[in-house]
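Undergrad: Structure: structure-v8.cif, mmCIF, C-alpha atoms.
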```cif
data_structure
#
loop_
_atom_site.label_atom_id
_atom_site.label_comp_id
_atom_site.auth_asym_id
_atom_site.auth_seq_id
_atom_site.Cartn_x
_atom_site.Cartn_y
_atom_site.Cartn_z
CA MET A 1418 -49.73 -39.02 -9.65
CA THR A 1419 -48.40 -42.50 -10.07
CA SER A 1420 -48.00 -41.98 -13.77
CA LEU A 1421 -45.95 -38.90 -13.04
CA LEU A 1422 -43.83 -40.91 -10.65
CA ASN A 1423 -43.45 -43.63 -13.22
CA LYS A 1424 -42.34 -41.12 -15.80
CA TYR A 1425 -39.88 -39.70 -13.34
CA LEU A 1426 -38.48 -43.14 -12.55
CA PHE A 1427 -38.28 -43.98 -16.21
CA PHE A 1428 -36.37 -40.78 -16.85
CA ILE A 1429 -33.91 -41.56 -14.06
CA LEU A 1430 -33.45 -45.05 -15.43
CA LEU A 1431 -32.85 -43.71 -18.90
CA LEU A 1432 -30.38 -41.18 -17.59
CA THR A 1433 -28.35 -43.73 -15.65
CA GLN A 1434 -28.35 -46.04 -18.63
CA LEU A 1435 -27.16 -43.23 -20.85
CA THR A 1436 -24.37 -42.27 -18.51
CA LEU A 1437 -23.36 -45.91 -18.17
CA GLN A 1438 -23.11 -46.22 -21.92
CA ALA A 1439 -21.24 -42.97 -22.20
CA GLN A 1440 -18.57 -44.39 -19.96
CA VAL A 1441 -17.97 -47.26 -22.33
CA VAL A 1442 -18.07 -45.71 -25.80
CA ASP A 1443 -17.95 -42.17 -27.17
CA LYS A 1444 -20.28 -40.62 -29.75
CA ASP A 1445 -18.40 -42.30 -32.58
CA GLY A 1446 -18.86 -45.70 -30.94
CA ILE A 1447 -15.19 -46.05 -29.99
CA PRO A 1448 -14.52 -47.31 -26.45
CA GLU A 1449 -13.20 -44.84 -23.91
CA LYS A 1450 -9.71 -45.27 -22.52
CA PRO A 1451 -9.80 -47.84 -19.71
CA SER A 1452 -9.36 -46.48 -16.22
CA PRO A 1453 -7.14 -47.63 -14.62
CA PRO A 1454 -5.22 -48.11 -17.88
CA ARG A 1455 -4.76 -51.69 -19.07
CA LEU A 1456 -3.11 -53.32 -22.07
CA MET A 1457 -5.38 -56.37 -22.20
CA ASN A 1458 -8.96 -55.14 -22.54
CA ASP A 1459 -11.33 -58.05 -22.93
CA TYR A 1460 -14.64 -56.21 -23.32
CA ALA A 1461 -16.21 -59.11 -25.19
CA GLU A 1462 -15.17 -61.53 -22.42
CA MET A 1463 -13.50 -64.02 -24.70
CA LEU A 1464 -10.85 -65.04 -22.17
CA SER A 1465 -11.07 -66.23 -18.59
CA ILE A 1466 -9.96 -63.89 -15.81
CA THR A 1467 -6.69 -65.75 -15.22
CA GLU A 1468 -5.91 -65.85 -18.94
CA ARG A 1469 -6.60 -62.14 -19.14
CA GLU A 1470 -4.26 -61.39 -16.24
CA GLN A 1471 -1.50 -63.59 -17.66
CA ILE A 1472 -1.49 -61.66 -20.90
CA GLU A 1473 -1.79 -58.34 -19.09
CA GLN A 1474 1.27 -59.20 -16.97
CA LYS A 1475 3.27 -60.20 -20.02
CA LEU A 1476 2.40 -57.02 -21.93
CA VAL A 1477 3.02 -54.77 -18.93
CA ALA A 1478 6.43 -56.38 -18.37
CA TYR A 1479 7.24 -55.88 -22.04
CA ASN A 1480 6.16 -52.24 -21.86
CA ASP A 1481 8.31 -51.72 -18.76
CA SER A 1482 11.43 -53.11 -20.39
CA THR A 1483 11.07 -51.62 -23.87
CA SER A 1484 8.43 -48.84 -23.69
CA THR A 1485 6.73 -50.60 -26.62
CA GLN A 1486 3.02 -50.89 -25.91
CA ILE A 1487 1.20 -53.91 -27.27
CA CYS A 1488 -2.49 -53.51 -26.57
CA VAL A 1489 -5.21 -56.11 -27.09
CA VAL A 1490 -8.86 -55.09 -27.28
CA THR A 1491 -11.80 -57.43 -27.76
CA VAL A 1492 -15.22 -55.93 -28.48
CA ASN A 1493 -18.56 -57.49 -29.23
CA THR A 1494 -19.03 -55.58 -32.45
CA ILE A 1495 -17.42 -52.77 -34.43
CA GLY A 1496 -20.74 -51.53 -35.82
CA ASP A 1497 -20.58 -50.03 -39.31
CA TYR A 1498 -16.85 -49.45 -39.26
CA SER A 1499 -14.36 -51.49 -41.22
CA ILE A 1500 -12.13 -53.14 -38.64
CA ASP A 1501 -8.98 -51.28 -39.67
CA ASP A 1502 -10.74 -47.90 -39.51
CA TYR A 1503 -12.15 -48.78 -36.09
CA ALA A 1504 -8.74 -49.90 -34.86
CA VAL A 1505 -6.91 -46.78 -36.04
CA ARG A 1506 -9.51 -44.57 -34.38
CA LEU A 1507 -9.25 -46.53 -31.15
CA GLY A 1508 -5.45 -46.66 -31.16
CA ARG A 1509 -5.18 -42.93 -31.77
CA LYS A 1510 -7.82 -42.08 -29.21
CA TRP A 1511 -6.13 -44.09 -26.49
CA GLY A 1512 -2.67 -43.01 -27.61
CA ILE A 1513 -1.08 -46.45 -27.61
CA GLY A 1514 2.71 -46.25 -27.77
CA GLN A 1515 5.01 -43.41 -26.81
CA LYS A 1516 4.32 -40.00 -28.29
CA ASP A 1517 7.75 -39.39 -29.80
CA LYS A 1518 8.27 -43.00 -30.96
CA ASP A 1519 4.81 -44.11 -32.08
CA ASN A 1520 5.76 -47.61 -30.96
CA GLY A 1521 2.30 -48.96 -30.25
CA ILE A 1522 0.72 -52.13 -31.56
CA LEU A 1523 -2.99 -52.73 -31.35
CA ILE A 1524 -4.70 -56.08 -31.81
CA THR A 1525 -8.43 -55.55 -32.22
CA ILE A 1526 -10.80 -58.50 -32.10
CA SER A 1527 -14.48 -58.18 -32.88
CA LYS A 1528 -16.27 -61.20 -31.50
CA LEU A 1529 -19.59 -61.13 -33.36
CA ASP A 1530 -18.12 -59.91 -36.64
CA ARG A 1531 -15.42 -62.60 -36.35
CA LYS A 1532 -12.82 -60.10 -37.47
CA VAL A 1533 -9.33 -59.38 -36.24
CA ASP A 1534 -6.91 -56.59 -37.03
CA ILE A 1535 -3.33 -55.71 -36.14
CA GLU A 1536 -2.35 -52.06 -36.33
CA ILE A 1537 1.32 -51.16 -36.24
CA GLY A 1538 2.36 -47.73 -34.99
CA TYR A 1539 4.34 -45.48 -37.36
CA GLY A 1540 7.56 -46.13 -35.47
CA LEU A 1541 7.39 -49.92 -35.82
CA GLU A 1542 6.25 -50.16 -39.44
CA SER A 1543 9.75 -50.93 -40.63
CA HIS A 1544 10.17 -53.71 -38.06
CA ILE A 1545 6.83 -55.40 -38.56
CA THR A 1546 5.74 -55.00 -42.16
CA ASP A 1547 2.18 -55.33 -43.36
CA TYR A 1548 3.06 -58.78 -44.59
CA ASP A 1549 4.49 -59.82 -41.21
CA SER A 1550 1.27 -58.89 -39.51
CA LYS A 1551 -0.71 -60.66 -42.22
CA GLU A 1552 1.28 -63.81 -41.46
CA ILE A 1553 0.62 -63.48 -37.75
CA ILE A 1554 -3.10 -63.27 -38.45
CA ASP A 1555 -3.22 -66.04 -41.07
CA ASP A 1556 -0.82 -68.49 -39.42
CA ILE A 1557 -1.45 -67.95 -35.71
CA ILE A 1558 -4.63 -66.09 -34.87
CA VAL A 1559 -7.12 -67.41 -37.42
CA PRO A 1560 -6.33 -71.14 -36.94
CA ALA A 1561 -6.55 -70.83 -33.15
CA PHE A 1562 -9.72 -68.73 -33.23
CA LYS A 1563 -11.39 -71.19 -35.56
CA GLN A 1564 -11.04 -73.75 -32.75
CA ASN A 1565 -12.28 -71.19 -30.23
CA ASN A 1566 -8.81 -71.12 -28.65
CA PHE A 1567 -8.87 -67.39 -28.12
CA TYR A 1568 -6.24 -67.37 -25.39
CA GLU A 1569 -3.83 -69.42 -27.46
CA GLY A 1570 -4.30 -67.14 -30.45
CA VAL A 1571 -3.75 -63.92 -28.52
CA ASN A 1572 -0.91 -65.36 -26.45
CA LYS A 1573 1.04 -66.76 -29.40
CA ALA A 1574 0.42 -63.69 -31.55
CA THR A 1575 1.81 -61.38 -28.87
CA ASP A 1576 4.76 -63.75 -28.35
CA ARG A 1577 5.47 -63.65 -32.05
CA ILE A 1578 5.32 -59.86 -32.13
CA ILE A 1579 7.65 -59.63 -29.15
CA SER A 1580 10.17 -62.03 -30.67
CA GLN A 1581 9.97 -60.21 -33.99
CA LEU A 1582 10.78 -56.93 -32.27
CA GLN A 1583 13.69 -58.44 -30.36
CA GLY A 1584 16.94 -56.68 -31.03
CA THR A 1585 15.32 -53.69 -32.70
CA PHE A 1586 15.79 -50.16 -31.57
CA THR A 1587 13.25 -50.46 -28.80
CA ALA A 1588 15.55 -52.31 -26.42
CA SER A 1589 18.43 -49.87 -26.86
CA THR A 1590 16.23 -46.79 -26.64
CA SER A 1591 14.61 -48.10 -23.53
CA LYS A 1592 18.00 -48.68 -21.97
CA LYS A 1593 18.97 -45.16 -22.86
CA GLU A 1594 15.73 -43.95 -21.41
CA GLN A 1595 16.39 -45.88 -18.22
CA ASP A 1596 19.84 -44.32 -18.06
CA ASP A 1597 18.30 -40.89 -18.51
CA PHE A 1598 15.85 -41.67 -15.78
CA ASN A 1599 18.64 -42.79 -13.47
CA ASN A 1600 20.58 -39.62 -14.24
CA ILE A 1601 17.57 -37.53 -13.38
CA MET A 1602 17.09 -39.41 -10.11
CA VAL A 1603 20.74 -38.89 -9.21
CA PHE A 1604 20.46 -35.22 -10.08
CA ILE A 1605 17.35 -34.79 -7.92
CA PHE A 1606 19.06 -36.64 -5.10
CA VAL A 1607 22.18 -34.48 -5.26
CA ALA A 1608 20.11 -31.33 -5.55
CA LEU A 1609 18.09 -32.33 -2.49
CA ILE A 1610 21.20 -32.94 -0.43
CA PHE A 1611 22.63 -29.66 -1.64
CA ILE A 1612 19.48 -27.77 -0.65
CA ILE A 1613 19.46 -29.45 2.75
CA ILE A 1614 23.11 -28.59 3.39
CA ILE A 1615 22.58 -25.00 2.31
CA SER A 1616 19.46 -24.62 4.38
CA SER A 1617 21.10 -26.16 7.44
CA LEU A 1618 24.11 -23.87 6.98
CA PHE A 1619 21.93 -20.82 6.86
CA SER A 1620 19.59 -21.83 9.63
CA SER A 1621 20.66 -21.31 13.24
CA GLY A 1622 19.83 -23.38 16.31
CA LYS A 1623 19.54 -27.15 16.89
CA GLY A 1624 15.81 -27.36 16.28
CA ASN A 1625 16.06 -26.37 12.67
CA ILE A 1626 18.75 -28.92 11.91
CA THR A 1627 16.71 -31.83 13.21
CA VAL A 1628 13.69 -30.67 11.24
CA SER A 1629 15.62 -30.54 7.97
CA GLY A 1630 17.25 -33.88 8.84
CA GLY A 1631 13.79 -35.38 9.09
CA GLY A 1632 12.92 -33.85 5.75
CA TRP A 1633 15.93 -35.51 4.16
CA ASN A 1634 14.91 -38.95 5.40
CA TRP A 1635 11.41 -38.53 4.12
CA SER A 1636 12.38 -37.31 0.65
CA SER A 1637 14.95 -40.04 0.13
CA GLY A 1638 12.41 -42.66 1.13
CA GLY A 1639 9.78 -41.20 -1.22
CA GLY A 1640 12.22 -41.08 -4.11
CA SER A 1641 13.34 -44.69 -3.85
CA SER A 1642 9.85 -46.09 -3.40
CA SER A 1643 8.50 -44.38 -6.51
CA TRP A 1644 11.54 -45.59 -8.39
CA SER A 1645 10.98 -49.24 -7.56
CA GLY A 1646 7.29 -48.71 -8.34
CA GLY A 1647 8.19 -47.77 -11.91
CA GLY A 1648 10.41 -50.82 -12.30
CA SER A 1649 8.02 -53.44 -11.02
CA SER A 1650 5.66 -55.15 -13.46
CA SER A 1651 2.63 -55.11 -11.21
CA SER A 1652 0.62 -52.41 -12.94
CA PHE A 1653 0.55 -50.51 -16.20
CA GLY A 1654 1.58 -46.85 -16.06
CA GLY A 1655 -0.65 -45.59 -18.87
CA PHE A 1656 -0.67 -44.93 -22.58
CA GLY A 1657 1.95 -42.62 -24.02
CA GLY A 1658 0.10 -40.77 -26.79
CA GLY A 1659 1.44 -42.71 -29.80
CA SER A 1660 -0.23 -42.60 -33.20
CA PHE A 1661 -1.08 -44.92 -36.09
CA GLY A 1662 -0.99 -44.41 -39.83
CA GLY A 1663 -2.71 -47.50 -41.17
CA GLY A 1664 0.14 -50.05 -41.25
CA GLY A 1665 -0.73 -53.62 -40.31
CA SER A 1666 -3.18 -56.19 -41.52
CA SER A 1667 -6.61 -57.61 -40.91
CA GLY A 1668 -8.49 -60.84 -41.41
CA SER A 1669 -11.46 -62.91 -40.29
CA TRP A 1670 -11.99 -66.34 -38.84
CA MET B 780 0.51 7.63 -12.89
CA LYS B 781 -2.13 4.97 -12.63
CA LYS B 782 -3.65 6.04 -15.94
CA SER B 783 -0.39 5.63 -17.78
CA ILE B 784 -0.07 2.08 -16.47
CA TYR B 785 -3.52 1.25 -17.82
CA LEU B 786 -2.57 2.78 -21.11
CA LEU B 787 0.60 0.74 -21.23
CA LEU B 788 -1.36 -2.40 -20.45
CA LEU B 789 -3.82 -1.60 -23.19
CA ILE B 790 -1.09 -1.09 -25.76
CA ALA B 791 0.71 -4.22 -24.62
CA SER B 792 -2.43 -6.30 -24.84
CA THR B 793 -3.37 -5.02 -28.30
CA LEU B 794 0.13 -5.84 -29.46
CA LEU B 795 0.05 -9.19 -27.75
CA LEU B 796 -3.31 -10.30 -29.07
CA PRO B 797 -2.41 -10.57 -32.76
CA SER B 798 1.09 -11.79 -32.00
CA CYS B 799 -0.34 -14.70 -30.04
CA SER B 800 -2.59 -15.60 -32.93
CA TYR B 801 0.36 -15.23 -35.27
CA ASN B 802 2.26 -18.02 -33.55
CA SER B 803 -0.78 -20.18 -33.46
CA LEU B 804 -1.43 -19.49 -37.16
CA VAL B 805 2.10 -20.55 -37.94
CA SER B 806 1.79 -23.78 -35.99
CA HIS B 807 -1.55 -24.63 -37.63
CA ASP B 808 -0.03 -23.83 -41.00
CA GLU B 809 2.92 -26.09 -40.28
CA ALA B 810 0.58 -28.86 -39.13
CA ALA B 811 -1.28 -28.63 -42.44
CA LYS B 812 1.99 -28.77 -44.37
CA LYS B 813 3.15 -31.78 -42.44
CA ALA B 814 -0.16 -33.50 -43.04
CA TRP B 815 0.24 -32.83 -46.75
CA ALA B 816 3.70 -34.37 -46.67
CA ASP B 817 2.12 -37.51 -45.19
CA VAL B 818 -0.44 -37.53 -47.99
CA GLU B 819 2.32 -37.32 -50.57
CA ALA B 820 4.29 -40.06 -48.86
CA ALA B 821 1.28 -42.36 -48.85
CA TYR B 822 0.62 -41.77 -52.57
CA GLN B 823 4.29 -42.24 -53.31
CA ARG B 824 4.21 -45.54 -51.46
CA ARG B 825 1.30 -46.67 -53.57
CA SER B 826 3.06 -45.58 -56.73
CA ASP B 827 6.12 -47.65 -55.79
CA LEU B 828 3.98 -50.66 -55.03
CA ILE B 829 2.19 -50.36 -58.35
CA GLY B 830 5.60 -50.32 -60.03
CA ASN B 831 6.43 -53.61 -58.31
CA LEU B 832 3.03 -55.02 -59.11
CA VAL B 833 3.42 -54.28 -62.81
CA GLU B 834 6.77 -56.07 -62.81
CA THR B 835 5.35 -59.11 -61.04
CA VAL B 836 2.30 -59.32 -63.26
CA LYS B 837 4.29 -58.80 -66.44
CA GLY B 838 6.48 -61.80 -65.73
CA GLU B 839 3.72 -64.20 -64.81
CA ALA B 840 0.84 -63.34 -67.06
CA LYS B 841 1.09 -62.56 -70.72
CA PHE B 842 -2.36 -61.11 -70.83
CA GLU B 843 -3.95 -57.99 -72.20
CA LYS B 844 -1.10 -55.65 -72.77
CA GLU B 845 -3.29 -52.57 -72.81
CA THR B 846 -4.33 -53.07 -69.19
CA LEU B 847 -0.71 -52.94 -68.13
CA VAL B 848 0.04 -50.01 -70.39
CA ALA B 849 -2.93 -48.14 -68.95
CA VAL B 850 -1.60 -48.64 -65.42
CA VAL B 851 1.91 -47.60 -66.39
CA ASP B 852 0.60 -44.48 -68.12
CA ALA B 853 -1.72 -43.52 -65.29
CA ARG B 854 1.10 -44.04 -62.84
CA SER B 855 3.56 -41.87 -64.67
CA LYS B 856 0.90 -39.22 -65.08
CA ALA B 857 0.08 -39.31 -61.36
CA THR B 858 3.72 -39.10 -60.33
CA SER B 859 4.30 -36.21 -62.72
CA ILE B 860 1.90 -34.07 -60.69
CA GLN B 861 3.91 -33.29 -57.59
CA LEU B 862 2.32 -30.61 -55.49
CA LYS B 863 4.19 -28.65 -52.88
CA ALA B 864 2.08 -27.68 -49.91
CA ASP B 865 2.20 -24.02 -50.90
CA GLU B 866 1.18 -24.68 -54.49
CA ILE B 867 -2.15 -26.22 -53.65
CA THR B 868 -4.74 -24.13 -55.43
CA PRO B 869 -8.24 -25.48 -56.11
CA GLU B 870 -7.25 -26.17 -59.75
CA ASN B 871 -4.01 -27.93 -58.85
CA MET B 872 -5.78 -29.99 -56.24
CA ALA B 873 -8.44 -30.99 -58.75
CA LYS B 874 -5.73 -32.10 -61.19
CA PHE B 875 -3.95 -34.03 -58.49
CA GLN B 876 -7.10 -35.82 -57.43
CA GLU B 877 -8.05 -36.51 -61.02
CA ALA B 878 -4.68 -38.10 -61.79
CA GLN B 879 -4.73 -40.21 -58.65
CA SER B 880 -8.26 -41.38 -59.21
CA GLN B 881 -7.40 -42.39 -62.78
CA LEU B 882 -4.55 -44.43 -61.38
CA SER B 883 -6.95 -46.03 -58.90
CA GLY B 884 -9.26 -46.94 -61.77
CA ALA B 885 -6.48 -48.44 -63.89
CA LEU B 886 -5.25 -50.37 -60.88
CA SER B 887 -8.70 -51.83 -60.18
CA ARG B 888 -8.95 -53.01 -63.79
CA LEU B 889 -5.54 -54.62 -63.56
CA LEU B 890 -6.55 -56.42 -60.39
CA VAL B 891 -9.73 -57.70 -62.01
CA VAL B 892 -7.69 -59.11 -64.86
CA ALA B 893 -5.08 -60.58 -62.54
CA GLU B 894 -7.89 -62.46 -60.84
CA GLN B 895 -8.06 -64.74 -63.88
CA TYR B 896 -4.52 -66.04 -63.38
CA PRO B 897 -4.47 -68.55 -60.53
CA ASN B 898 -0.73 -69.14 -60.88
CA LEU B 899 -0.11 -65.48 -60.36
CA LYS B 900 -2.48 -65.26 -57.42
CA ALA B 901 -0.74 -68.17 -55.72
CA THR B 902 2.70 -66.57 -55.66
CA GLU B 903 3.85 -65.17 -52.37
CA ALA B 904 5.19 -62.02 -53.98
CA PHE B 905 1.78 -61.27 -55.44
CA GLN B 906 -0.05 -61.89 -52.16
CA ASN B 907 2.45 -59.74 -50.35
CA LEU B 908 1.88 -56.94 -52.83
CA MET B 909 -1.89 -57.26 -52.53
CA ASN B 910 -1.73 -56.94 -48.78
CA GLU B 911 0.64 -53.98 -48.98
CA LEU B 912 -1.57 -52.28 -51.55
CA GLU B 913 -4.65 -52.79 -49.45
CA ARG B 914 -2.99 -51.27 -46.42
CA THR B 915 -1.58 -48.44 -48.49
CA GLU B 916 -5.07 -47.48 -49.58
CA ASN B 917 -5.75 -47.32 -45.84
CA ARG B 918 -2.74 -45.14 -45.29
CA ILE B 919 -3.88 -42.82 -48.07
CA ASN B 920 -7.35 -42.53 -46.58
CA ILE B 921 -5.97 -41.80 -43.13
CA ALA B 922 -3.44 -39.28 -44.44
CA ARG B 923 -6.15 -37.52 -46.43
CA ARG B 924 -8.45 -37.40 -43.43
CA ASP B 925 -5.65 -35.99 -41.26
CA TYR B 926 -4.81 -33.42 -43.91
CA ASN B 927 -8.41 -32.27 -44.22
CA GLU B 928 -8.67 -31.97 -40.45
CA ALA B 929 -5.46 -29.93 -40.27
CA VAL B 930 -6.67 -27.69 -43.10
CA GLN B 931 -10.00 -27.22 -41.42
CA ASN B 932 -8.34 -26.18 -38.16
CA TYR B 933 -6.08 -23.79 -40.00
CA ASN B 934 -8.81 -22.30 -42.16
CA THR B 935 -11.06 -21.76 -39.17
CA GLN B 936 -8.34 -19.73 -37.58
CA VAL B 937 -7.59 -17.76 -40.71
CA ARG B 938 -11.23 -16.73 -40.94
CA SER B 939 -12.19 -16.12 -37.32
CA PHE B 940 -11.73 -12.98 -35.28
CA PRO B 941 -9.26 -11.72 -34.09
CA SER B 942 -6.75 -13.98 -35.79
CA ASN B 943 -8.12 -13.03 -39.22
CA ILE B 944 -6.54 -9.59 -38.74
CA THR B 945 -3.14 -11.18 -38.29
CA ALA B 946 -3.81 -13.58 -41.11
CA ASN B 947 -4.62 -10.71 -43.45
CA LEU B 948 -1.64 -8.73 -42.29
CA PHE B 949 0.83 -11.56 -42.86
CA LYS B 950 -0.92 -13.03 -45.90
CA PHE B 951 -1.97 -16.37 -44.46
CA LYS B 952 -4.26 -17.75 -47.14
CA GLN B 953 -6.85 -20.43 -46.75
CA ARG B 954 -5.72 -23.92 -47.70
CA GLU B 955 -7.48 -26.30 -50.03
CA PRO B 956 -8.87 -29.54 -48.61
CA PHE B 957 -9.53 -32.76 -50.53
CA LYS B 958 -12.93 -32.90 -52.13
CA ALA B 959 -14.74 -36.16 -51.62
CA ASP B 960 -15.55 -37.28 -55.14
CA PRO B 961 -16.89 -40.73 -55.81
CA GLY B 962 -13.82 -41.83 -57.78
CA THR B 963 -11.17 -41.15 -55.16
CA GLU B 964 -13.00 -41.44 -51.89
CA LYS B 965 -13.64 -45.12 -52.41
CA ALA B 966 -10.46 -47.10 -52.32
CA PRO B 967 -10.24 -49.76 -55.00
CA LYS B 968 -10.94 -53.19 -53.59
CA VAL B 969 -7.79 -55.23 -53.62
CA GLN B 970 -9.09 -58.14 -51.64
CA PHE B 971 -9.11 -61.60 -53.08
#
```
Could you quickly redo this structure as structure tokens?
TA:
Amino acid sequence: MTSLLNKYLFFILLLTQLTLQAQVVDKDGIPEKPSPPRLMNDYAEMLSITEREQIEQKLVAYNDSTSTQICVVTVNTIGDYSIDDYAVRLGRKWGIGQKDKDNGILITISKLDRKVDIEIGYGLESHITDYDSKEIIDDIIVPAFKQNNFYEGVNKATDRIISQLQGTFTASTSKKEQDDFNNIMVFIFVALIFIIIISSLFSSGKGNITVSGGGWNWSSGGGSSSWSGGGSSSSFGGFGGGSFGGGGSSGSW
Amino acid sequence: MKKSIYLLLLIASTLLLPSCSYNSLVSHDEAAKKAWADVEAAYQRRSDLIGNLVETVKGEAKFEKETLVAVVDARSKATSIQLKADEITPENMAKFQEAQSQLSGALSRLLVVAEQYPNLKATEAFQNLMNELERTENRINIARRDYNEAVQNYNTQVRSFPSNITANLFKFKQREPFKADPGTEKAPKVQF
């Protein structure tokens, strides 16, 4: 009886462990997309919590202003993969960057293998060449990591990428996108007012007018709050479905 | 009255069924073609880089001429075989792979020889090329993998019911994937 119970307990334990693992990596050993989505994913716990948040804030703000998604992932090990293969699989699976622009950048760090890789999305390959990313690894990341200054390495590398991308198409496209977004908001706003006017014209009696008036207040409030939510840099909206074709560089420390 | 509606529905659905799979066949076919274009672009990129590499090496090292000649020959042979997506037959694909793998071999030999010239290895242009070549081998591998996946999706649809009826009707033929042969599947090591 007890042995049966033991077996049962063991089975339950195994099951929970399996499901726990399944949440972290898929069958190919590639981590699942983080939920809620984040740009700084320190699975190997190489940075402190405050360091992590500082980088997250910086990358989220950069994503908000340019739609370019720079993602950093640290893992304990990449298993049997080469680091560039692992990184491409991960970047594609998560969909880093926007779908139509492929403007994602993925920095993958494998703690135990002491390997680092930068993958550049298709859309940014002409702005950050393979050699540029090689320089970022050789001149910034590797020297810092050799001294165990992981935060410094990641922070300076992302700064360098951001400054390298300055003045490229991303800023202008994002402005255009923002304009488009504003236009859409204006259109929705006008359409709402129009609908309200029409409905109040067609409806008869005081009661109906006050009800639709209330509706107007509510919808305008909802619209503006979601708008400011998109503009603030407090949280990351999610990955855009961008893809990678193998551009970038890798190295070890 | 009711019967005729059922009949109409039946006719409509039989017409609709293959037409749906037709559109999906077309989009899978297009996906495979696009994937092939990426493969070609990746090989072209490598070919260009090899051209630059030959120039760089020629200037710096006056070594074994035949190694360089072998690379130049293999390169021109590989670039002479341009395959359009619709011309990919098993024989053509075999030729294409053969030519590219010969180029890979010649390139590896050149890199081994270049190893013996420290002056050459130290130049920034050479290091830059090495890095680009390494990543281009990556690009080729990824493009080939994507192409094979696209072909597999397409071929599955061409062969499975009911889309195979449409495929037969409109002459959608199966596409040829890359064969993994030991020469081409393994990218030449360009690390120093």
Undergrad: Should the cut-off be 10 Å, what would the residue list for chain A against chain B look like, counting all atoms listed in the file, as a list in words?
TA: Asp1501, Asp1502, Val1505, Arg1506, Thr1546, Asp1547, Tyr1548, Asp1549, Ser1550, Lys1551, Glu1552, Phe1661, Gly1662, Gly1663, Gly1664, Gly1665, Ser1666 and Ser1667 of chain A
Undergrad: For a test of reading the model, state the distance in Å between atom CA of Asp827 of chain B and atom CA of Arg954 of chain B, rounded to one decimal.
TA: 27.7 Å
Undergrad: Using the chain letters and numbers from this file, what does the PyMOL selection byres ((chain A and resi 1478-1495) around 6) select? Give the answer as number ranges by chain.
TA: A: 1456-1461, 1475-1477, 1496, 1498, 1514, 1520-1529, 1587-1588, 1591, 1650
Undergrad: Figure out the distance between atom CA of Lys837 of chain B and atom CA of Leu882 of chain B, please, to one decimal in Å.
TA: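 About the pair atom CA of Leu882 of chain B and atom CA of Lys837 of chain B: they are 17.6 Å apart.
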Undergrad: Take atom CA of Arg1455 of chain A and atom CA of Phe1656 of chain A and report the distance between them in Å, one decimal.
TA: 8.6 Å
Undergrad: Find the residues near Ile860 of chain B: any atom within 8 Å, counting only C-alpha atoms, skip ones fewer than 6 places away on the same chain, and give them as a list of chain:residue names.
TA: B:Lys874, B:Phe875, B:Ala878
Undergrad: Those selected residues, please, written with C-alpha atoms and delivered as a PDB file, in the frame of the given file.
TA:
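Contents of again_19.pdb, as written:
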```pdb
ATOM      1  CA  LYS B 874      -5.730 -32.100 -61.190  1.00  0.00           C
ATOM      2  CA  PHE B 875      -3.950 -34.030 -58.490  1.00  0.00           C
ATOM      3  CA  ALA B 878      -4.680 -38.100 -61.790  1.00  0.00           C
TER       4      ALA B 878
END
```
Undergrad: Could you tell me, as a list in words, exactly which residues end up selected when the PyMOL selection byres ((chain A and resi 1454) around 9) is applied to this structure?
TA: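 After applying the PyMOL selection byres ((chain A and resi 1454) around 9), what remains is Lys1450, Pro1451, Ser1452, Pro1453, Arg1455, Leu1456, Ser1652, Phe1653, Gly1654, Gly1655 and Phe1656 of chain A.
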Undergrad: Would you pick out the contacts of Ala873 of chain B at 12 Å or less, using all atoms listed in the file, so that residues sharing its chain but fewer than 5 positions from it are not included, and give the list as JSON, numbers by chain?
TA: {"B": [860, 862, 867, 868, 878, 879, 880, 955, 956, 957, 958, 959, 960, 963]}
Undergrad: Give the answer as one residue: which of B:Ala946, B:Ala853, B:Thr846, B:Ala814 has the shortest atom-to-atom distance to Glu877 of chain B, using all atoms listed in the file?
TA: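 Once distances to Glu877 of chain B are computed over all atoms listed in the file, the minimum belongs to B:Ala853.
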Undergrad: Report as a PyMOL selection string the residues that result from applying the PyMOL selection byres ((chain B and resi 935) around 12) to the structure here.
TA: chain B and resi 803-804+807-808+927-934+936-943+946+951-954
